[in-house]
file final_13.cif (mmCIF, C-alpha atoms)
data_run
#
loop_
_atom_site.label_atom_id
_atom_site.label_comp_id
_atom_site.auth_asym_id
_atom_site.auth_seq_id
_atom_site.Cartn_x
_atom_site.Cartn_y
_atom_site.Cartn_z
CA MET H 1 98.57 107.83 93.70
CA THR H 2 97.72 104.58 95.49
CA ALA H 3 94.47 104.17 97.36
CA HIS H 4 94.46 105.09 101.01
CA THR H 5 94.06 102.54 103.80
CA VAL H 6 91.07 102.75 106.13
CA GLU H 7 91.49 101.42 109.65
CA TYR H 8 88.38 100.47 111.61
CA ILE H 9 88.60 100.05 115.38
CA ARG H 10 85.42 98.71 116.97
CA TYR H 11 84.89 99.32 120.67
CA LEU H 12 82.39 98.00 123.20
CA ILE H 13 82.45 100.66 125.89
CA PRO H 14 80.50 100.15 129.13
CA GLU H 15 77.98 102.90 129.72
CA GLN H 16 79.81 104.23 132.77
CA GLN H 17 82.98 104.58 130.67
CA SER H 18 81.38 106.43 127.75
CA ALA H 19 82.14 109.97 128.95
CA PRO H 20 85.82 109.24 129.78
CA PHE H 21 86.16 107.41 126.45
CA LEU H 22 84.80 110.34 124.45
CA ALA H 23 87.09 112.71 126.32
CA ALA H 24 90.08 110.45 125.62
CA CYS H 25 89.21 110.27 121.92
CA THR H 26 88.97 114.05 121.78
CA ARG H 27 92.45 114.37 123.26
CA ALA H 28 93.86 111.62 121.00
CA ALA H 29 92.38 113.33 117.95
CA VAL H 30 94.92 116.13 118.42
CA GLN H 31 97.69 113.63 117.66
CA LEU H 32 95.85 112.28 114.62
CA ALA H 33 95.30 115.77 113.26
CA ALA H 34 99.03 116.47 113.58
CA ALA H 35 100.14 113.21 111.94
CA PRO H 36 101.19 113.56 108.27
CA GLN H 37 100.20 109.92 107.76
CA CYS H 38 96.58 110.57 108.80
CA VAL H 39 94.16 111.72 106.09
CA ASP H 40 91.02 111.97 108.24
CA TYR H 41 89.25 110.31 111.15
CA GLU H 42 85.77 109.94 112.62
CA LEU H 43 84.28 108.35 115.73
CA ALA H 44 80.74 107.00 115.34
CA ARG H 45 78.36 105.64 117.98
CA SER H 46 75.67 103.04 117.42
CA GLU H 47 72.10 104.33 117.45
CA GLU H 48 70.74 100.91 118.47
CA ASP H 49 73.27 100.12 121.21
CA PHE H 50 75.09 103.08 122.70
CA GLU H 51 77.92 100.90 123.98
CA HIS H 52 79.17 100.21 120.45
CA TYR H 53 81.61 102.67 118.82
CA VAL H 54 83.58 102.59 115.59
CA LEU H 55 86.69 104.72 115.13
CA ARG H 56 87.50 105.15 111.43
CA ILE H 57 90.96 106.45 110.54
CA THR H 58 92.11 106.94 106.95
CA TRP H 59 95.87 106.52 106.55
CA THR H 60 98.02 107.34 103.55
CA SER H 61 98.98 103.63 103.63
CA THR H 62 99.16 100.74 106.06
CA GLU H 63 102.96 101.03 106.05
CA ASP H 64 102.75 104.74 106.86
CA HIS H 65 100.51 103.91 109.80
CA VAL H 66 102.52 100.99 111.17
CA GLU H 67 106.05 102.15 110.38
CA GLY H 68 105.45 105.90 110.40
CA PHE H 69 102.84 106.99 112.91
CA ARG H 70 103.39 104.15 115.38
CA GLU H 71 107.10 104.89 115.52
CA SER H 72 106.63 108.64 115.97
CA GLU H 73 106.47 110.74 119.12
CA LEU H 74 102.84 111.50 118.34
CA PHE H 75 101.96 107.85 118.86
CA THR H 76 103.29 107.96 122.43
CA ASP H 77 100.86 110.72 123.34
CA TYR H 78 98.08 109.05 121.34
CA VAL H 79 98.45 105.81 123.30
CA ALA H 80 98.65 107.71 126.59
CA ASP H 81 95.22 109.19 125.84
CA ILE H 82 93.31 106.30 124.28
CA GLY H 83 95.41 103.27 125.27
CA PRO H 84 93.55 102.67 128.56
CA PHE H 85 90.49 101.74 126.48
CA ASP H 86 92.28 99.09 124.40
CA ARG H 87 90.75 96.38 126.58
CA PHE H 88 87.36 97.32 125.14
CA ILE H 89 88.43 96.79 121.50
CA GLU H 90 86.50 94.09 119.65
CA GLU H 91 88.24 94.42 116.28
CA THR H 92 91.06 96.35 114.62
CA ARG H 93 91.57 95.92 110.87
CA HIS H 94 92.95 97.78 107.87
CA TYR H 95 90.85 97.92 104.71
CA LYS H 96 91.58 98.92 101.11
CA PRO H 97 88.72 100.43 99.08
CA THR H 98 87.40 98.44 96.12
CA THR H 99 86.06 99.70 92.81
CA VAL H 100 82.50 99.47 94.15
CA ARG H 101 81.69 103.01 95.16
CA GLY H 102 79.27 105.82 94.40
CA THR H 103 76.72 108.13 95.95
CA GLY H 104 73.13 107.53 96.91
CA ALA H 105 70.10 109.04 95.23
CA SER H 106 69.69 111.61 98.00
CA LEU H 107 72.79 113.40 96.73
CA PRO H 108 72.28 114.60 93.16
CA THR H 109 75.19 114.41 90.77
CA LEU H 110 76.59 117.61 89.35
CA TYR H 111 75.30 116.33 86.01
CA SER H 112 71.69 116.12 87.16
CA TRP H 113 71.94 119.38 89.11
CA ALA H 114 73.14 121.15 85.98
CA GLY H 115 70.20 119.87 83.95
CA GLY H 116 71.52 116.71 82.30
CA ALA H 117 72.54 116.20 78.69
CA GLU H 118 70.59 119.18 77.37
CA ALA H 119 72.44 121.56 79.69
CA PHE H 120 75.88 120.32 78.67
CA THR H 121 74.93 120.40 75.01
CA ARG H 122 73.91 124.06 75.36
CA LEU H 123 77.11 124.75 77.25
CA THR H 124 79.47 123.33 74.65
CA GLU H 125 77.62 124.86 71.72
CA VAL H 126 77.87 128.32 73.27
CA PHE H 127 81.44 127.72 74.39
CA TYR H 128 82.87 126.59 71.06
CA ASP H 129 81.07 129.36 69.26
CA LYS H 130 83.02 131.73 71.50
CA VAL H 131 86.27 129.80 71.08
CA LEU H 132 86.25 129.98 67.29
CA LYS H 133 85.79 133.75 67.45
CA ASP H 134 88.47 134.29 70.08
CA GLU H 135 91.86 135.48 68.86
CA VAL H 136 93.70 133.69 71.67
CA LEU H 137 92.02 130.28 71.39
CA ALA H 138 91.01 130.07 67.73
CA PRO H 139 94.51 128.93 66.63
CA VAL H 140 94.39 126.01 69.08
CA PHE H 141 91.10 124.78 67.63
CA ALA H 142 91.81 125.41 63.95
CA GLY H 143 90.07 122.80 61.83
CA LEU H 144 87.66 121.90 64.60
CA ALA H 145 85.48 118.93 63.61
CA ALA H 146 81.75 119.58 63.45
CA GLU H 147 81.07 116.93 66.08
CA HIS H 148 83.65 118.28 68.57
CA ALA H 149 81.11 120.19 70.67
CA SER H 150 78.89 117.12 71.08
CA HIS H 151 81.90 114.99 72.06
CA ALA H 152 82.91 117.63 74.60
CA ALA H 153 79.37 117.62 75.99
CA SER H 154 79.57 113.84 76.42
CA TRP H 155 82.94 114.19 78.13
CA LEU H 156 81.78 116.86 80.57
CA GLY H 157 78.54 115.03 81.22
CA GLU H 158 80.40 111.86 82.15
CA VAL H 159 82.93 113.74 84.28
CA PHE H 160 80.14 115.37 86.27
CA GLY H 161 78.35 112.09 86.98
CA GLY H 162 76.31 111.44 83.84
CA PRO H 163 76.16 108.31 81.66
CA PRO H 164 79.45 106.88 80.30
CA SER H 165 78.67 107.89 76.73
CA TYR H 166 82.12 109.34 76.04
CA SER H 167 83.88 106.22 77.32
CA GLU H 168 81.62 103.98 75.25
CA THR H 169 81.99 105.92 72.00
CA GLN H 170 85.36 107.69 72.19
CA GLY H 171 87.52 106.01 74.79
CA GLY H 172 88.78 106.74 78.29
CA HIS H 173 90.94 109.40 79.82
CA GLY H 174 93.90 108.43 77.66
CA HIS H 175 91.97 109.28 74.50
CA MET H 176 91.32 112.79 75.74
CA VAL H 177 94.94 113.21 76.81
CA ALA H 178 96.11 112.13 73.35
CA ARG H 179 94.14 114.97 71.78
CA HIS H 180 96.35 117.48 73.62
CA LEU H 181 99.77 115.99 72.88
CA GLY H 182 102.04 118.40 71.07
CA LYS H 183 99.57 121.30 71.16
CA GLY H 184 101.87 123.53 73.22
CA ILE H 185 99.02 125.17 75.11
CA THR H 186 100.13 128.31 76.95
CA GLU H 187 99.07 129.61 80.34
CA ILE H 188 97.38 132.57 78.65
CA GLN H 189 95.33 130.21 76.49
CA ARG H 190 94.46 128.07 79.50
CA ARG H 191 93.15 131.04 81.44
CA ARG H 192 91.15 132.27 78.47
CA TRP H 193 89.62 128.76 78.14
CA VAL H 194 88.50 128.82 81.78
CA ASN H 195 87.10 132.35 81.50
CA LEU H 196 85.16 131.60 78.31
CA LEU H 197 83.78 128.41 79.83
CA GLN H 198 82.42 130.40 82.76
CA ASP H 199 80.90 132.95 80.38
CA ALA H 200 79.35 130.10 78.39
CA ALA H 201 77.93 128.60 81.59
CA ASP H 202 76.17 131.90 82.27
CA GLU H 203 74.75 132.15 78.76
CA ALA H 204 73.72 128.49 78.73
CA GLU H 205 71.91 129.13 82.04
CA LEU H 206 73.68 126.52 84.09
CA PRO H 207 72.97 126.76 87.85
CA THR H 208 74.57 129.76 89.49
CA ASP H 209 74.56 128.58 93.12
CA ALA H 210 77.95 128.81 94.78
CA GLU H 211 78.21 125.08 95.47
CA PHE H 212 77.75 124.06 91.83
CA ARG H 213 79.87 126.82 90.35
CA SER H 214 82.75 126.19 92.75
CA ALA H 215 82.84 122.52 91.72
CA PHE H 216 82.41 123.45 88.05
CA VAL H 217 85.27 125.96 88.09
CA ALA H 218 87.45 123.62 90.17
CA TYR H 219 87.20 121.00 87.42
CA ALA H 220 87.93 123.59 84.73
CA GLU H 221 91.07 124.65 86.59
CA TRP H 222 92.18 121.08 87.24
CA GLY H 223 91.48 119.84 83.73
CA THR H 224 93.08 122.76 81.91
CA ARG H 225 96.23 122.55 83.99
CA LEU H 226 96.56 118.89 83.03
CA ALA H 227 95.94 119.86 79.41
CA VAL H 228 98.81 122.36 79.53
CA TYR H 229 101.10 119.74 81.04
CA PHE H 230 100.24 117.02 78.51
CA SER H 231 100.51 119.45 75.62
CA GLY H 232 104.11 120.21 76.49
CA PRO H 233 107.30 118.72 75.06
CA ASP H 234 108.67 115.25 75.92
CA VAL H 235 105.59 114.24 77.88
CA VAL H 236 104.96 110.55 78.48
CA PRO H 237 101.22 109.86 78.12
CA PRO H 238 99.68 108.17 81.17
CA ALA H 239 98.48 104.59 81.12
CA GLU H 240 94.87 104.15 80.11
CA GLN H 241 92.55 104.95 82.98
CA PRO H 242 88.88 105.72 83.56
CA ILE H 243 87.47 109.18 82.99
CA PRO H 244 87.62 111.12 86.27
CA ARG H 245 84.34 111.57 88.13
CA TRP H 246 83.92 115.01 89.66
CA THR H 247 81.79 115.45 92.77
CA TRP H 248 80.65 118.23 95.06
CA GLY H 249 83.66 117.83 97.34
CA PRO H 250 87.25 118.85 96.69
CA PRO H 251 89.66 116.35 95.13
CA PRO H 252 92.61 115.01 97.12
CA PRO H 253 95.98 116.65 96.71
CA PRO H 254 98.43 115.12 94.22
CA PRO H 255 101.11 112.66 95.40
CA HIS H 256 104.29 114.08 96.87
CA ARG H 257 107.12 114.67 94.47
CA GLY H 258 108.91 111.45 93.67
CA GLU H 259 106.08 109.12 94.71
#
call {"tool": "encode", "arguments": {"input": "final_13.cif", "output": "structure tokens"}}
result
Amino acid sequence: MTAHTVEYIRYLIPEQQSAPFLAACTRAAVQLAAAPQCVDYELARSEEDFEHYVLRITWTSTEDHVEGFRESELFTDYVADIGPFDRFIEETRHYKPTTVRGTGASLPTLYSWAGGAEAFTRLTEVFYDKVLKDEVLAPVFAGLAAEHASHAASWLGEVFGGPPSYSETQGGHGHMVARHLGKGITEIQRRRWVNLLQDAADEAELPTDAEFRSAFVAYAEWGTRLAVYFSGPDVVPPAEQPIPRWTWGPPPPPPHRGE
């Protein structure tokens, strides 16, 4: 899936026009919310100079914005609401995100919230002890290497925001995918994997707050479903790509079929 486009529209609104402008933006937001090309939007106001506003709109692509939304009936109503304030626009530009991104120190990573490397080491040791004794999963992991649990801990740690130790010692996402090729993992085995991982998280005393566990389980569901897919027949492995980084928020939906 290609990166979204972010449009920034900077306004300089006279003080006496601020209330009508905010009302117009509220009405126009209805059209944005209904547009399939619009991912999200936000209007911000300067704290230092109340006359300055920035409207940020994330589009599925610049083309979808220009050739899709602007040619739709929704755009007609959108312009009717917010168009009268176009004379106050200082800048309108589309931006593509770069690879420079991350979170600030005020928001802990899932890795640090869980307890760091020690927590993920406990988790994988407990988990693979369960796996090897489980009649459903033991056949999948027959001949498991002694260092597998530590590699899995490095993988999970990196996924949840820890150091890139798996990438540096084992490889990227493609390396992990390759380990599942031809395994023929079933849905029953996938579900057992997720259930045992949650049991292991309890025994390893990972945080039990709803926010952490919902993100933790969301990754387990996402990752195991990919594992089932890549373990199937006639699968073309993806191009090499970085290990995914999981955060507190939900991931975006997959691309539409055929994209």
call {"tool": "residues_around", "arguments": {"input": "final_13.cif", "residues": "Arg191 in chain H", "least_positions_apart": "3", "cutoff": "10 Å", "atoms": "all atoms listed in the file", "output": "list in words"}}
result
Thr186, Glu187, Ile188, Val194, Asn195, Leu196, Leu197, Ala220, Glu221, Thr224 and Arg225 of chain H
call {"tool": "closest_residue", "arguments": {"input": "final_13.cif", "among": "H:Ile82, H:Ala33, H:Ala105, H:Leu123", "to": "Glu205 in chain H", "atoms": "all atoms listed in the file"}}
result
H:Leu123
call {"tool": "closest_residue", "arguments": {"input": "final_13.cif", "among": "H:Pro242, H:Gly115, H:Val131, H:Phe120", "to": "His175 in chain H", "atoms": "all atoms listed in the file"}}
result
H:Pro242
call {"tool": "resolve_selection", "arguments": {"input": "final_13.cif", "expression": "the PyMOL selection byres ((chain H and resi 94) around 8)", "output": "list in words"}}
result
Thr5, Val6, Glu7, Tyr8, Thr62, Thr92, Arg93, Tyr95 and Lys96 of chain H
call {"tool": "resolve_selection", "arguments": {"input": "final_13.cif", "expression": "the PyMOL selection byres ((chain H and resi 147-157) around 8)", "output": "list in words"}}
result
Tyr111, Gly116, Ala117, Phe120, Thr121, Leu123, Thr124, Glu125, Tyr128, Leu144, Ala145, Ala146, Glu158, Val159, Phe160, Gly161, Gly162, Pro163, Pro164, Ser165 and Tyr166 of chain H
call {"tool": "closest_residue", "arguments": {"input": "final_13.cif", "among": "H:Gln189, H:Thr103, H:Ser231, H:Ser167", "to": "Trp246 in chain H", "atoms": "all atoms listed in the file"}}
result
H:Thr103
call {"tool": "residues_around", "arguments": {"input": "final_13.cif", "residues": "Phe75 in chain H", "least_positions_apart": "6", "cutoff": "9 Å", "atoms": "only C-alpha atoms", "output": "MDAnalysis selection string"}}
result
chainID H and resid 31:32 35 69
call {"tool": "write_last_selection", "arguments": {"input": "final_13.cif", "atoms": "C-alpha atoms", "output": "JSON list (two decimals), in the coordinates of the input"}}
result
[["chain", "number", "residue", "atom", "x", "y", "z"],
["H", 31, "GLN", "CA", 97.69, 113.63, 117.66],
["H", 32, "LEU", "CA", 95.85, 112.28, 114.62],
["H", 35, "ALA", "CA", 100.14, 113.21, 111.94],
["H", 69, "PHE", "CA", 102.84, 106.99, 112.91]]
call {"tool": "atom_distance", "arguments": {"input": "final_13.cif", "atom1": "CA of Phe50 in chain H", "atom2": "CA of Asp86 in chain H"}}
result
17.7 Å
call {"tool": "resolve_selection", "arguments": {"input": "final_13.cif", "expression": "the PyMOL selection byres ((chain H and resi 60) around 8)", "output": "ChimeraX atom specification"}}
result
/H:3-5,37-39,58-59,61-62,64-65
call {"tool": "closest_residue", "arguments": {"input": "final_13.cif", "among": "H:Gln170, H:Arg192, H:Ile243, H:Leu110", "to": "Ala215 in chain H", "atoms": "all atoms listed in the file"}}
result
H:Leu110
call {"tool": "atom_distance", "arguments": {"input": "final_13.cif", "atom1": "CA of Glu118 in chain H", "atom2": "CA of Gly104 in chain H"}}
result
22.9 Å
call {"tool": "residues_around", "arguments": {"input": "final_13.cif", "residues": "Phe230 in chain H", "least_positions_apart": "6", "cutoff": "10 Å", "atoms": "only C-alpha atoms", "output": "ChimeraX atom specification"}}
result
/H:177-185,224,236-238
call {"tool": "atom_distance", "arguments": {"input": "final_13.cif", "atom1": "CA of Pro36 in chain H", "atom2": "CA of Val54 in chain H"}}
result
22.0 Å
call {"tool": "closest_residue", "arguments": {"input": "final_13.cif", "among": "H:Pro84, H:Gly223, H:Glu240, H:Glu73", "to": "Gln17 in chain H", "atoms": "only C-alpha atoms"}}
result
H:Pro84
call {"tool": "decode", "arguments": {"input": "final_13.cif", "residues": "range 87-184 of chain H", "atoms": "C-alpha atoms", "output": "PDB file, in the first residue's frame"}}
result
ATOM      1  CA  ARG H  87      -9.525  34.389   0.115  1.00  0.00           C
ATOM      2  CA  PHE H  88      -7.906  33.903   3.522  1.00  0.00           C
ATOM      3  CA  ILE H  89      -5.726  30.961   2.398  1.00  0.00           C
ATOM      4  CA  GLU H  90      -1.985  31.571   2.666  1.00  0.00           C
ATOM      5  CA  GLU H  91      -0.809  28.166   1.423  1.00  0.00           C
ATOM      6  CA  THR H  92      -2.214  24.909   0.053  1.00  0.00           C
ATOM      7  CA  ARG H  93       0.197  22.027  -0.548  1.00  0.00           C
ATOM      8  CA  HIS H  94       0.248  18.235  -0.700  1.00  0.00           C
ATOM      9  CA  TYR H  95       2.956  16.389   1.223  1.00  0.00           C
ATOM     10  CA  LYS H  96       4.213  12.801   1.187  1.00  0.00           C
ATOM     11  CA  PRO H  97       5.600  11.375   4.450  1.00  0.00           C
ATOM     12  CA  THR H  98       9.301  10.538   4.592  1.00  0.00           C
ATOM     13  CA  THR H  99      11.041   7.728   6.449  1.00  0.00           C
ATOM     14  CA  VAL H 100      11.789  10.103   9.342  1.00  0.00           C
ATOM     15  CA  ARG H 101       9.098   9.310  11.863  1.00  0.00           C
ATOM     16  CA  GLY H 102       8.642   8.067  15.404  1.00  0.00           C
ATOM     17  CA  THR H 103       7.143   8.933  18.758  1.00  0.00           C
ATOM     18  CA  GLY H 104       8.382  11.199  21.492  1.00  0.00           C
ATOM     19  CA  ALA H 105       9.618  10.111  24.890  1.00  0.00           C
ATOM     20  CA  SER H 106       6.329  11.088  26.533  1.00  0.00           C
ATOM     21  CA  LEU H 107       4.665   8.115  24.849  1.00  0.00           C
ATOM     22  CA  PRO H 108       6.279   4.854  25.970  1.00  0.00           C
ATOM     23  CA  THR H 109       6.727   2.105  23.432  1.00  0.00           C
ATOM     24  CA  LEU H 110       4.882  -1.152  23.927  1.00  0.00           C
ATOM     25  CA  TYR H 111       8.334  -2.671  24.419  1.00  0.00           C
ATOM     26  CA  SER H 112       9.205  -0.442  27.371  1.00  0.00           C
ATOM     27  CA  TRP H 113       5.694  -0.699  28.826  1.00  0.00           C
ATOM     28  CA  ALA H 114       5.961  -4.485  28.777  1.00  0.00           C
ATOM     29  CA  GLY H 115       9.255  -4.418  30.660  1.00  0.00           C
ATOM     30  CA  GLY H 116      11.883  -4.510  27.913  1.00  0.00           C
ATOM     31  CA  ALA H 117      14.066  -7.418  26.843  1.00  0.00           C
ATOM     32  CA  GLU H 118      13.640  -9.353  30.083  1.00  0.00           C
ATOM     33  CA  ALA H 119       9.862  -9.396  29.709  1.00  0.00           C
ATOM     34  CA  PHE H 120       9.952 -10.699  26.139  1.00  0.00           C
ATOM     35  CA  THR H 121      12.551 -13.294  27.060  1.00  0.00           C
ATOM     36  CA  ARG H 122      10.265 -14.586  29.831  1.00  0.00           C
ATOM     37  CA  LEU H 123       7.352 -14.542  27.430  1.00  0.00           C
ATOM     38  CA  THR H 124       8.980 -16.627  24.714  1.00  0.00           C
ATOM     39  CA  GLU H 125      10.501 -19.109  27.154  1.00  0.00           C
ATOM     40  CA  VAL H 126       7.107 -19.775  28.713  1.00  0.00           C
ATOM     41  CA  PHE H 127       5.394 -19.785  25.334  1.00  0.00           C
ATOM     42  CA  TYR H 128       7.641 -22.286  23.583  1.00  0.00           C
ATOM     43  CA  ASP H 129       7.609 -24.544  26.594  1.00  0.00           C
ATOM     44  CA  LYS H 130       3.845 -24.672  26.131  1.00  0.00           C
ATOM     45  CA  VAL H 131       4.107 -25.086  22.359  1.00  0.00           C
ATOM     46  CA  LEU H 132       6.341 -28.147  22.533  1.00  0.00           C
ATOM     47  CA  LYS H 133       3.874 -29.833  24.889  1.00  0.00           C
ATOM     48  CA  ASP H 134       0.811 -28.948  22.839  1.00  0.00           C
ATOM     49  CA  GLU H 135      -0.584 -31.663  20.591  1.00  0.00           C
ATOM     50  CA  VAL H 136      -1.860 -29.142  18.043  1.00  0.00           C
ATOM     51  CA  LEU H 137       1.292 -27.018  17.700  1.00  0.00           C
ATOM     52  CA  ALA H 138       4.103 -29.442  18.516  1.00  0.00           C
ATOM     53  CA  PRO H 139       4.153 -30.884  14.958  1.00  0.00           C
ATOM     54  CA  VAL H 140       4.660 -27.401  13.494  1.00  0.00           C
ATOM     55  CA  PHE H 141       7.702 -26.799  15.680  1.00  0.00           C
ATOM     56  CA  ALA H 142       9.275 -30.247  15.465  1.00  0.00           C
ATOM     57  CA  GLY H 143      13.045 -29.972  15.630  1.00  0.00           C
ATOM     58  CA  LEU H 144      12.903 -26.514  17.163  1.00  0.00           C
ATOM     59  CA  ALA H 145      16.392 -25.007  17.497  1.00  0.00           C
ATOM     60  CA  ALA H 146      17.537 -24.225  21.021  1.00  0.00           C
ATOM     61  CA  GLU H 147      17.967 -20.549  20.172  1.00  0.00           C
ATOM     62  CA  HIS H 148      14.492 -20.165  18.630  1.00  0.00           C
ATOM     63  CA  ALA H 149      12.911 -18.670  21.751  1.00  0.00           C
ATOM     64  CA  SER H 150      15.618 -16.001  22.040  1.00  0.00           C
ATOM     65  CA  HIS H 151      15.250 -15.126  18.347  1.00  0.00           C
ATOM     66  CA  ALA H 152      11.485 -14.844  18.814  1.00  0.00           C
ATOM     67  CA  ALA H 153      12.044 -12.568  21.807  1.00  0.00           C
ATOM     68  CA  SER H 154      14.251 -10.322  19.656  1.00  0.00           C
ATOM     69  CA  TRP H 155      11.608 -10.290  16.931  1.00  0.00           C
ATOM     70  CA  LEU H 156       8.756  -9.383  19.264  1.00  0.00           C
ATOM     71  CA  GLY H 157      10.880  -6.836  21.064  1.00  0.00           C
ATOM     72  CA  GLU H 158      11.702  -5.071  17.806  1.00  0.00           C
ATOM     73  CA  VAL H 159       8.103  -5.236  16.594  1.00  0.00           C
ATOM     74  CA  PHE H 160       6.879  -3.583  19.789  1.00  0.00           C
ATOM     75  CA  GLY H 161       9.373  -0.721  19.595  1.00  0.00           C
ATOM     76  CA  GLY H 162      12.575  -2.161  21.055  1.00  0.00           C
ATOM     77  CA  PRO H 163      16.101  -2.178  19.586  1.00  0.00           C
ATOM     78  CA  PRO H 164      16.586  -3.610  16.058  1.00  0.00           C
ATOM     79  CA  SER H 165      18.433  -6.678  17.313  1.00  0.00           C
ATOM     80  CA  TYR H 166      16.505  -9.133  15.134  1.00  0.00           C
ATOM     81  CA  SER H 167      17.114  -7.088  11.987  1.00  0.00           C
ATOM     82  CA  GLU H 168      20.810  -6.781  12.787  1.00  0.00           C
ATOM     83  CA  THR H 169      21.377 -10.471  13.539  1.00  0.00           C
ATOM     84  CA  GLN H 170      18.715 -12.377  11.583  1.00  0.00           C
ATOM     85  CA  GLY H 171      17.369 -10.181   8.811  1.00  0.00           C
ATOM     86  CA  GLY H 172      14.206  -8.245   8.061  1.00  0.00           C
ATOM     87  CA  HIS H 173      10.596  -9.154   7.582  1.00  0.00           C
ATOM     88  CA  GLY H 174      11.408 -11.335   4.585  1.00  0.00           C
ATOM     89  CA  HIS H 175      13.563 -13.607   6.736  1.00  0.00           C
ATOM     90  CA  MET H 176      10.680 -14.246   9.100  1.00  0.00           C
ATOM     91  CA  VAL H 177       8.282 -14.845   6.207  1.00  0.00           C
ATOM     92  CA  ALA H 178      10.691 -17.390   4.705  1.00  0.00           C
ATOM     93  CA  ARG H 179      10.537 -19.445   7.897  1.00  0.00           C
ATOM     94  CA  HIS H 180       6.821 -20.046   7.284  1.00  0.00           C
ATOM     95  CA  LEU H 181       6.917 -20.996   3.606  1.00  0.00           C
ATOM     96  CA  GLY H 182       5.503 -24.441   2.958  1.00  0.00           C
ATOM     97  CA  LYS H 183       4.478 -25.051   6.577  1.00  0.00           C
ATOM     98  CA  GLY H 184       0.779 -25.368   5.744  1.00  0.00           C
TER      99      GLY H 184
END
